[in-house]
Amino acid sequence: MSAPSHKRCVQALNEGLHEVFAERDDVYLLGEDVLDPYGGAFKVTQGLSDAFPDRVLTTPISEGGLFGVAAGMSLRGLRPILEIMFGDFIALGLDQVVNGISKFREMYDDQVTVPLVVRTPMGGRRGYGPTHSQSLEKLLLGIPNICVVAASECHDLGGLLANAVDDDRPVFFIENKLMYGRPNRRPEEGHIGELAVRETGTRYPALTFSGTDFTEASATIVTYGGMVPIVLDAVTELILERELFCEVVALSQLLPMELEPVFESVARTGALVTVEEGTLTGGFGAEITARVQEEAWSDLRRPVQRVAARDGIIPSARPLEDAMLPSAGDVVEAVVALEAVRS
Amino acid sequence: MLEIVLTREDANTEFALLAEWLVEDRAEVAQGQPVCVVETTKATVEIESPGAGSLVQLYDDGIEVELGKTIAVVAESADELETAIARREPRSAAESKPTDSKATKKAIELAERHGIDLASIEKRGFITEKDVEAAIAKAAATAGPSTQPALAGISTAGVSLPESLDLDEDAGRLDEGFFESLRTDPEAFRALSSDEKIERYRENGAQIGEGVAFGLRTILVAPRIVVSPGVAIGPDGTVVCEELVAIGELTQFGPDLDLRCRRAYIGAGVWAGRSIRIGGGGHRDPWATLAVGDLAFIGDEAFINVCRPVLIGREAFVTMRSMIVTHNIGHSLLEGFENRFAPVVLEDRAQLGLGAVLYAGVRIGAEAIVASNSYVVGDVPARAFAIGVPAKVTGSAAHTLSRSRQAELARRMVDELHELLALRGHDVSAVSDGDGRGFDVEGTRVYFTPSYGGGGDSPAVVLTLERAGDVPDGVGVLDLLGRQVHGSGGIVLDSVREFCRKRGIRFEPGPWRYQGGLI
């Protein structure tokens, strides 16, 4: 058996869960088909119910009920983790979040907290069709008093998950379907591959990548989650084919929005491209664009470019799905278009 | 040999994760023994060996494998084992060679041209053109003067040079006595007709193509003369080169040319106006090389000093009265005054505005623009816009247009062409939007369509952003973005081409200018 040089992301998350369960006994996991030997649709919970049989609960197919039960558990002092099998299904539980979970703490004058974690995979490119492939993070960005975390394959996934469990706020912990099988590539000596990497010391860190050791670059690309490896591919292509260098900021905390690393990078580059896998209108990129022009207008030399999915539904046929979702080629095009804009 | 194939368990999935090998590579396995664990989104399955033998893993675990692929084979003999091992794809990650540094395309090209070994450049991260340039400078510093006198080791990145740089050493070499007579008694030769001059040149070893025309009193004096077909040099021209003059097909010089340097390599389809002065101080120096790329433009009364190489890229513009100098004149360098001799490079499609001056040593990047009357003392990056005295980069030379904007501009060109033809007194029909925006002139339909799918009534001239189909006889198609002309047409096609040229759109094949005809 050959030893892989990195852990796969699914292993990193699985080990993170095992560690959290071993460390604290108020943590529970609720979800559909999460018991061994099946271990969850994407195998993130594998081995957990064998090791902690009393604290891993398999539930009926009823996401609304699942959110409600978890809200009750957390109001009574437990720390439940929900696994929602596909991110598309969070819509079934959103009433609990919008009218309850996100509001209880203020409605009851800080006498209660709702420290639950909702783990769910988002993203397409597997041919799962219109209702199992979406990236719905932007629906969550409009809900005050929750925290939305979307880790990438370059983040410390187990550590991030443990931080989410420790968080007293309700946390959506967004995973990505393609990420699970890929290696969890962490920085070594400040580098991932050829790119230099800086990581913020925050609870949910942002990573900033540079091909020039942060000396010069023609644009900042801000993105998260499953788009991170695609953007890194695009950035490498831009460097190798055109000697165009971009900095990449991979956020893991989407809400509340903390954009210091983006402002810092834009101060160096003067240009911004936002990249997300969700649909374009009213999304992550739109919100960041508004905030960057507010905070860093004098640094911007060019109009902000947004790369996102087309505003439509995701087809089942893989070639059509690829045409709908943003690709590395789309990112390259956006950066090249920026280069040609008269400042 | 038995194959272990990843079979399809679920119609939705194209890939499965090869989660874990349960046996070592090349281990002995028994029939029915579980050898690996495979995960799809809906199931985890153990795969069993189809027989007994040595198992050879074709993939590492921890990666996604396309369904239908063979992931391992079971070899039943020593021979089979060898064949099986040969089938294995190169091991990824740890076993492949470390990739601490990657070189960019520009860096690889530059390194190849200068014989630099990229492995000799020590750097974490990406190796760029700049790193290779530093390595070249370092190599030059230790190796002494360049062995390429023609270009003196200048980077030709971004400059497409004329083919004549690769001519044989003896191409177009004149008889020594004839050359001597040109030098000592030019006036007698100037007095000959164009055909007589061409005949004398050919008899004495020069290469002169068909359809060449030398104007009244024009003379070329050089030990080697190579003039390609269709070249025209206007009256009162004087070309004096110490080693060689080579001029590419269809290139045209206006009247009163004065070209003096050691080696002149002029590309094909170049258009040069009247009273152009090339030479000046030091034009006999060993480094006095002029190279002008294909389809370049040199405007009236331009002045190019050549005592160090001057490289002008393909489709570059040196417009009217602009100046390029490769050295300065002044007081003693021992008194601290600047004394400079340095080459000048104008990369492909770069543009010098009217009266702009380039000082010795500058390099204007590809597609950059230097505004009129600017004085350039430092390099201008590719695609930048530079203006002022001294010139500063203030923006980009161009911006990207959307497809719909391109189509809109092309439709407006049709309207302008229609107006021009009407004002010129030609009988033109009204503009209509039938199969494309256009009109009839001289019995020919002229129209724009965003995408030309082939066919159509003839005769016609079609302007398009994309040619997707075959062009029938009597139809000329101008691909506005690819800048290619397809098919054929008479005076109308030539007129539309010339009209497009005045909007910066030149087509190949063909010379810089066309017969205007109707316009």
# chains A, B, ... in the order shown; residues from 1 in each chain; ligands from 1

call {"tool": "closest_atom_pairs", "arguments": {"of": "chain B", "to": "chain A", "cutoff": "6 Å", "atoms": "only C-alpha atoms", "output": "Markdown table"}}
result
| residue | atom | partner | partner_atom | distance |
| --- | --- | --- | --- | --- |
| B:Trp21 | CA | A:Met1 | CA | 5.9 |
| B:Glu24 | CA | A:Met1 | CA | 4.7 |
| B:Thr41 | CA | A:Phe42 | CA | 5.6 |
| B:Lys42 | CA | A:Ala41 | CA | 5.7 |
| B:Thr104 | CA | A:Leu240 | CA | 3.8 |
| B:Lys105 | CA | A:Glu241 | CA | 5.3 |
| B:Gly125 | CA | A:Glu194 | CA | 4.2 |
| B:Gly395 | CA | A:Ser343 | CA | 5.4 |
| B:Ser396 | CA | A:Arg342 | CA | 4.9 |
| B:Ala398 | CA | A:Ala340 | CA | 5.9 |
| B:His399 | CA | A:Ala340 | CA | 4.4 |
| B:Thr400 | CA | A:Ala340 | CA | 5.7 |

call {"tool": "residues_around", "arguments": {"residues": "Gly201 of chain A", "least_positions_apart": "5", "cutoff": "12 Å", "atoms": "only C-alpha atoms", "output": "JSON, numbers by chain"}}
result
{"A": [160, 206, 207, 261]}

call {"tool": "residues_around", "arguments": {"residues": "Pro130 of chain A", "least_positions_apart": "4", "cutoff": "8 Å", "atoms": "only C-alpha atoms", "output": "list in words"}}
result
Gln134, Ile313, Ile314, Pro315 and Ser316 of chain A

call {"tool": "write_last_selection", "arguments": {"atoms": "N, CA, C and O atoms", "output": "mmCIF file, in the first residue's frame"}}
result
data_model
loop_
_atom_site.group_PDB
_atom_site.id
_atom_site.type_symbol
_atom_site.label_atom_id
_atom_site.label_comp_id
_atom_site.auth_asym_id
_atom_site.auth_seq_id
_atom_site.Cartn_x
_atom_site.Cartn_y
_atom_site.Cartn_z
ATOM 1 N N GLN A 134 -26.549 22.434 -6.218
ATOM 2 C CA GLN A 134 -26.459 23.893 -6.104
ATOM 3 C C GLN A 134 -25.450 24.338 -5.057
ATOM 4 O O GLN A 134 -25.024 23.553 -4.212
ATOM 5 N N ILE A 313 -30.906 27.051 -13.846
ATOM 6 C CA ILE A 313 -30.832 25.809 -13.077
ATOM 7 C C ILE A 313 -29.707 24.956 -13.637
ATOM 8 O O ILE A 313 -29.280 25.126 -14.764
ATOM 9 N N ILE A 314 -29.251 24.025 -12.835
ATOM 10 C CA ILE A 314 -28.109 23.195 -13.228
ATOM 11 C C ILE A 314 -28.625 21.951 -13.943
ATOM 12 O O ILE A 314 -29.359 21.156 -13.372
ATOM 13 N N PRO A 315 -28.242 21.774 -15.212
ATOM 14 C CA PRO A 315 -28.714 20.601 -15.956
ATOM 15 C C PRO A 315 -28.045 19.321 -15.460
ATOM 16 O O PRO A 315 -26.984 19.358 -14.853
ATOM 17 N N SER A 316 -28.683 18.177 -15.746
ATOM 18 C CA SER A 316 -28.114 16.893 -15.326
ATOM 19 C C SER A 316 -26.963 16.470 -16.223
ATOM 20 O O SER A 316 -26.007 15.848 -15.760
#

call {"tool": "residues_around", "arguments": {"residues": "Arg260 of chain B", "least_positions_apart": "3", "cutoff": "9 Å", "atoms": "only C-alpha atoms", "output": "JSON, numbers by chain"}}
result
{"B": [238, 239, 240, 241, 242, 263, 264, 277, 278, 279, 280, 283, 284, 306]}

call {"tool": "residues_around", "arguments": {"residues": "segment 436-445 of chain B", "least_positions_apart": "6", "cutoff": "7 Å", "atoms": "only C-alpha atoms", "output": "PDB file with N, CA, C and O atoms, in the first residue's frame"}}
result
ATOM      1  N   ARG B 411     -21.364  46.857 -38.069  1.00  0.00           N
ATOM      2  CA  ARG B 411     -22.550  47.353 -38.796  1.00  0.00           C
ATOM      3  C   ARG B 411     -22.396  48.837 -39.122  1.00  0.00           C
ATOM      4  O   ARG B 411     -22.744  49.304 -40.192  1.00  0.00           O
ATOM      5  N   VAL B 414     -20.352  49.350 -42.148  1.00  0.00           N
ATOM      6  CA  VAL B 414     -21.114  49.154 -43.386  1.00  0.00           C
ATOM      7  C   VAL B 414     -21.825  50.456 -43.756  1.00  0.00           C
ATOM      8  O   VAL B 414     -21.800  50.897 -44.908  1.00  0.00           O
ATOM      9  N   ASP B 427     -23.368  54.252 -57.829  1.00  0.00           N
ATOM     10  CA  ASP B 427     -24.781  53.896 -57.746  1.00  0.00           C
ATOM     11  C   ASP B 427     -24.944  52.816 -56.671  1.00  0.00           C
ATOM     12  O   ASP B 427     -24.546  51.671 -56.872  1.00  0.00           O
ATOM     13  N   VAL B 428     -25.466  53.196 -55.508  1.00  0.00           N
ATOM     14  CA  VAL B 428     -25.619  52.213 -54.418  1.00  0.00           C
ATOM     15  C   VAL B 428     -27.084  52.114 -54.020  1.00  0.00           C
ATOM     16  O   VAL B 428     -27.807  53.102 -54.002  1.00  0.00           O
ATOM     17  N   SER B 429     -27.510  50.894 -53.651  1.00  0.00           N
ATOM     18  CA  SER B 429     -28.881  50.703 -53.180  1.00  0.00           C
ATOM     19  C   SER B 429     -28.951  51.153 -51.721  1.00  0.00           C
ATOM     20  O   SER B 429     -27.928  51.354 -51.072  1.00  0.00           O
ATOM     21  N   ALA B 430     -30.173  51.295 -51.208  1.00  0.00           N
ATOM     22  CA  ALA B 430     -30.341  51.678 -49.806  1.00  0.00           C
ATOM     23  C   ALA B 430     -29.814  50.547 -48.913  1.00  0.00           C
ATOM     24  O   ALA B 430     -29.798  49.385 -49.314  1.00  0.00           O
ATOM     25  N   PRO B 459     -22.283  37.859 -57.210  1.00  0.00           N
ATOM     26  CA  PRO B 459     -21.081  38.236 -56.455  1.00  0.00           C
ATOM     27  C   PRO B 459     -21.432  38.952 -55.143  1.00  0.00           C
ATOM     28  O   PRO B 459     -22.444  39.644 -55.075  1.00  0.00           O
ATOM     29  N   ALA B 460     -20.591  38.736 -54.143  1.00  0.00           N
ATOM     30  CA  ALA B 460     -20.825  39.376 -52.844  1.00  0.00           C
ATOM     31  C   ALA B 460     -19.499  39.558 -52.112  1.00  0.00           C
ATOM     32  O   ALA B 460     -18.547  38.814 -52.349  1.00  0.00           O
ATOM     33  N   VAL B 461     -19.493  40.575 -51.257  1.00  0.00           N
ATOM     34  CA  VAL B 461     -18.369  40.763 -50.324  1.00  0.00           C
ATOM     35  C   VAL B 461     -18.975  40.714 -48.930  1.00  0.00           C
ATOM     36  O   VAL B 461     -19.879  41.482 -48.614  1.00  0.00           O
TER      37      VAL B 461
END

call {"tool": "residues_around", "arguments": {"residues": "segment 379-391 of chain B", "least_positions_apart": "5", "cutoff": "6 Å", "atoms": "only C-alpha atoms", "output": "VMD selection string"}}
result
chain B and resid 362 to 371 374 396 to 397

call {"tool": "write_last_selection", "arguments": {"atoms": "N, CA, C and O atoms", "output": "CSV table (one decimal), in the first residue's frame"}}
result
chain,number,residue,atom,x,y,z
B,362,VAL,N,15.7,52.0,-25.4
B,362,VAL,CA,14.4,51.7,-24.9
B,362,VAL,C,13.8,50.6,-25.7
B,362,VAL,O,14.2,50.2,-26.8
B,363,ARG,N,12.8,50.0,-25.0
B,363,ARG,CA,12.1,48.8,-25.6
B,363,ARG,C,10.6,49.1,-25.5
B,363,ARG,O,10.1,49.4,-24.3
B,364,ILE,N,9.9,49.1,-26.6
B,364,ILE,CA,8.4,49.3,-26.5
B,364,ILE,C,7.7,48.0,-26.6
B,364,ILE,O,7.9,47.3,-27.6
B,365,GLY,N,7.0,47.6,-25.6
B,365,GLY,CA,6.4,46.3,-25.6
B,365,GLY,C,5.3,46.1,-26.7
B,365,GLY,O,4.8,47.1,-27.3
B,366,ALA,N,5.0,44.8,-26.9
B,366,ALA,CA,4.0,44.5,-27.9
B,366,ALA,C,2.7,45.2,-27.7
B,366,ALA,O,2.2,45.3,-26.6
B,367,GLU,N,2.1,45.8,-28.8
B,367,GLU,CA,0.8,46.5,-28.8
B,367,GLU,C,0.8,47.7,-27.9
B,367,GLU,O,-0.3,48.2,-27.7
B,368,ALA,N,1.9,48.2,-27.4
B,368,ALA,CA,1.9,49.4,-26.6
B,368,ALA,C,1.7,50.6,-27.6
B,368,ALA,O,2.0,50.5,-28.8
B,369,ILE,N,1.3,51.7,-27.0
B,369,ILE,CA,1.2,52.9,-27.8
B,369,ILE,C,2.0,54.0,-27.1
B,369,ILE,O,1.9,54.2,-25.9
B,370,VAL,N,2.8,54.7,-27.9
B,370,VAL,CA,3.5,55.9,-27.5
B,370,VAL,C,2.8,57.1,-28.2
B,370,VAL,O,2.7,57.2,-29.4
B,371,ALA,N,2.2,58.0,-27.4
B,371,ALA,CA,1.5,59.1,-27.9
B,371,ALA,C,2.3,60.1,-28.7
B,371,ALA,O,3.5,60.2,-28.5
B,374,SER,N,5.7,62.4,-27.8
B,374,SER,CA,6.2,62.0,-26.5
B,374,SER,C,7.7,61.7,-26.7
B,374,SER,O,8.2,61.5,-27.7
B,396,SER,N,-3.9,51.7,-20.5
B,396,SER,CA,-3.8,50.6,-21.4
B,396,SER,C,-4.0,51.0,-22.9
B,396,SER,O,-4.7,52.0,-23.1
B,397,ALA,N,-3.4,50.3,-23.8
B,397,ALA,CA,-3.5,50.7,-25.2
B,397,ALA,C,-4.8,50.4,-25.8
B,397,ALA,O,-5.2,51.0,-26.8

call {"tool": "residues_around", "arguments": {"residues": "Phe86 of chain A", "least_positions_apart": "6", "cutoff": "7 Å", "atoms": "only C-alpha atoms", "output": "PDB file with all heavy atoms, in the first residue's frame"}}
result
ATOM      1  N   THR A 120     -22.998  20.533   5.705  1.00  0.00           N
ATOM      2  CA  THR A 120     -23.681  20.099   4.483  1.00  0.00           C
ATOM      3  C   THR A 120     -22.795  20.313   3.256  1.00  0.00           C
ATOM      4  O   THR A 120     -22.037  21.274   3.202  1.00  0.00           O
ATOM      5  CB  THR A 120     -25.030  20.835   4.334  1.00  0.00           C
ATOM      6  OG1 THR A 120     -25.779  20.204   3.299  1.00  0.00           O
ATOM      7  CG2 THR A 120     -24.857  22.301   4.000  1.00  0.00           C
ATOM      8  N   PRO A 121     -22.856  19.379   2.294  1.00  0.00           N
ATOM      9  CA  PRO A 121     -22.060  19.551   1.083  1.00  0.00           C
ATOM     10  C   PRO A 121     -22.822  20.333   0.017  1.00  0.00           C
ATOM     11  O   PRO A 121     -23.990  20.083  -0.234  1.00  0.00           O
ATOM     12  CB  PRO A 121     -21.814  18.123   0.609  1.00  0.00           C
ATOM     13  CG  PRO A 121     -22.989  17.357   1.103  1.00  0.00           C
ATOM     14  CD  PRO A 121     -23.499  18.043   2.339  1.00  0.00           C
ATOM     15  N   MET A 122     -22.140  21.303  -0.600  1.00  0.00           N
ATOM     16  CA  MET A 122     -22.713  22.059  -1.709  1.00  0.00           C
ATOM     17  C   MET A 122     -21.897  21.744  -2.965  1.00  0.00           C
ATOM     18  O   MET A 122     -20.838  21.123  -2.913  1.00  0.00           O
ATOM     19  CB  MET A 122     -22.617  23.564  -1.436  1.00  0.00           C
ATOM     20  CG  MET A 122     -23.419  24.052  -0.256  1.00  0.00           C
ATOM     21  SD  MET A 122     -25.147  24.341  -0.699  1.00  0.00           S
ATOM     22  CE  MET A 122     -25.714  25.160   0.799  1.00  0.00           C
ATOM     23  N   HIS A 132     -29.579  18.665  -6.599  1.00  0.00           N
ATOM     24  CA  HIS A 132     -28.530  18.065  -5.761  1.00  0.00           C
ATOM     25  C   HIS A 132     -27.164  18.649  -6.095  1.00  0.00           C
ATOM     26  O   HIS A 132     -26.144  18.034  -5.837  1.00  0.00           O
ATOM     27  CB  HIS A 132     -28.465  16.540  -5.968  1.00  0.00           C
ATOM     28  CG  HIS A 132     -29.646  15.788  -5.439  1.00  0.00           C
ATOM     29  ND1 HIS A 132     -30.900  15.908  -5.976  1.00  0.00           N
ATOM     30  CD2 HIS A 132     -29.749  14.910  -4.416  1.00  0.00           C
ATOM     31  CE1 HIS A 132     -31.728  15.117  -5.315  1.00  0.00           C
ATOM     32  NE2 HIS A 132     -31.061  14.502  -4.359  1.00  0.00           N
TER      33      HIS A 132
END

call {"tool": "select_by_dssp", "arguments": {"residues": "segment 52-117 of chain A", "states": "strand (DSSP E or B)", "output": "list of chain:residue names"}}
result
A:Val56, A:Leu57, A:Thr58, A:Arg79, A:Pro80, A:Ile81, A:Leu82, A:Glu83, A:Val117

call {"tool": "select_by_dssp", "arguments": {"residues": "segment 234-422 of chain B", "states": "helix (DSSP H, G or I)", "output": "tab-separated table (two decimals) with C-alpha atoms, in the first residue's frame"}}
result
chain	number	residue	atom	x	y	z
B	333	LEU	CA	31.98	61.16	-20.60
B	334	LEU	CA	35.05	61.81	-18.42
B	335	GLU	CA	33.39	65.04	-17.35
B	403	ARG	CA	-19.07	40.34	-29.16
B	404	SER	CA	-22.22	42.42	-29.48
B	405	ARG	CA	-20.20	45.64	-29.39
B	406	GLN	CA	-17.91	44.28	-32.12
B	407	ALA	CA	-20.95	43.47	-34.25
B	408	GLU	CA	-22.38	46.94	-33.65
B	409	LEU	CA	-19.12	48.60	-34.77
B	410	ALA	CA	-18.98	46.37	-37.87
B	411	ARG	CA	-22.55	47.35	-38.80
B	412	ARG	CA	-21.61	51.01	-38.43
B	413	MET	CA	-18.65	50.41	-40.77
B	414	VAL	CA	-21.11	49.15	-43.39
B	415	ASP	CA	-23.14	52.36	-42.99
B	416	GLU	CA	-20.02	54.53	-43.30
B	417	LEU	CA	-18.84	52.65	-46.36
B	418	HIS	CA	-22.27	53.10	-47.92
B	419	GLU	CA	-22.16	56.85	-47.26
B	420	LEU	CA	-18.64	57.14	-48.67
B	421	LEU	CA	-19.54	55.27	-51.88
B	422	ALA	CA	-22.65	57.43	-52.36

call {"tool": "closest_residue", "arguments": {"among": "A:Val335, A:Val307, A:Val27, A:Val273", "to": "Ala162 of chain A", "atoms": "only C-alpha atoms"}}
result
A:Val27

call {"tool": "closest_residue", "arguments": {"among": "A:Arg119, A:Arg169, A:Arg125, A:Arg186", "to": "Phe89 of chain A", "atoms": "only C-alpha atoms"}}
result
A:Arg119

call {"tool": "closest_residue", "arguments": {"among": "A:His155, A:Arg198, A:Arg185, A:Arg291", "to": "Ser252 of chain A", "atoms": "only C-alpha atoms"}}
result
A:His155
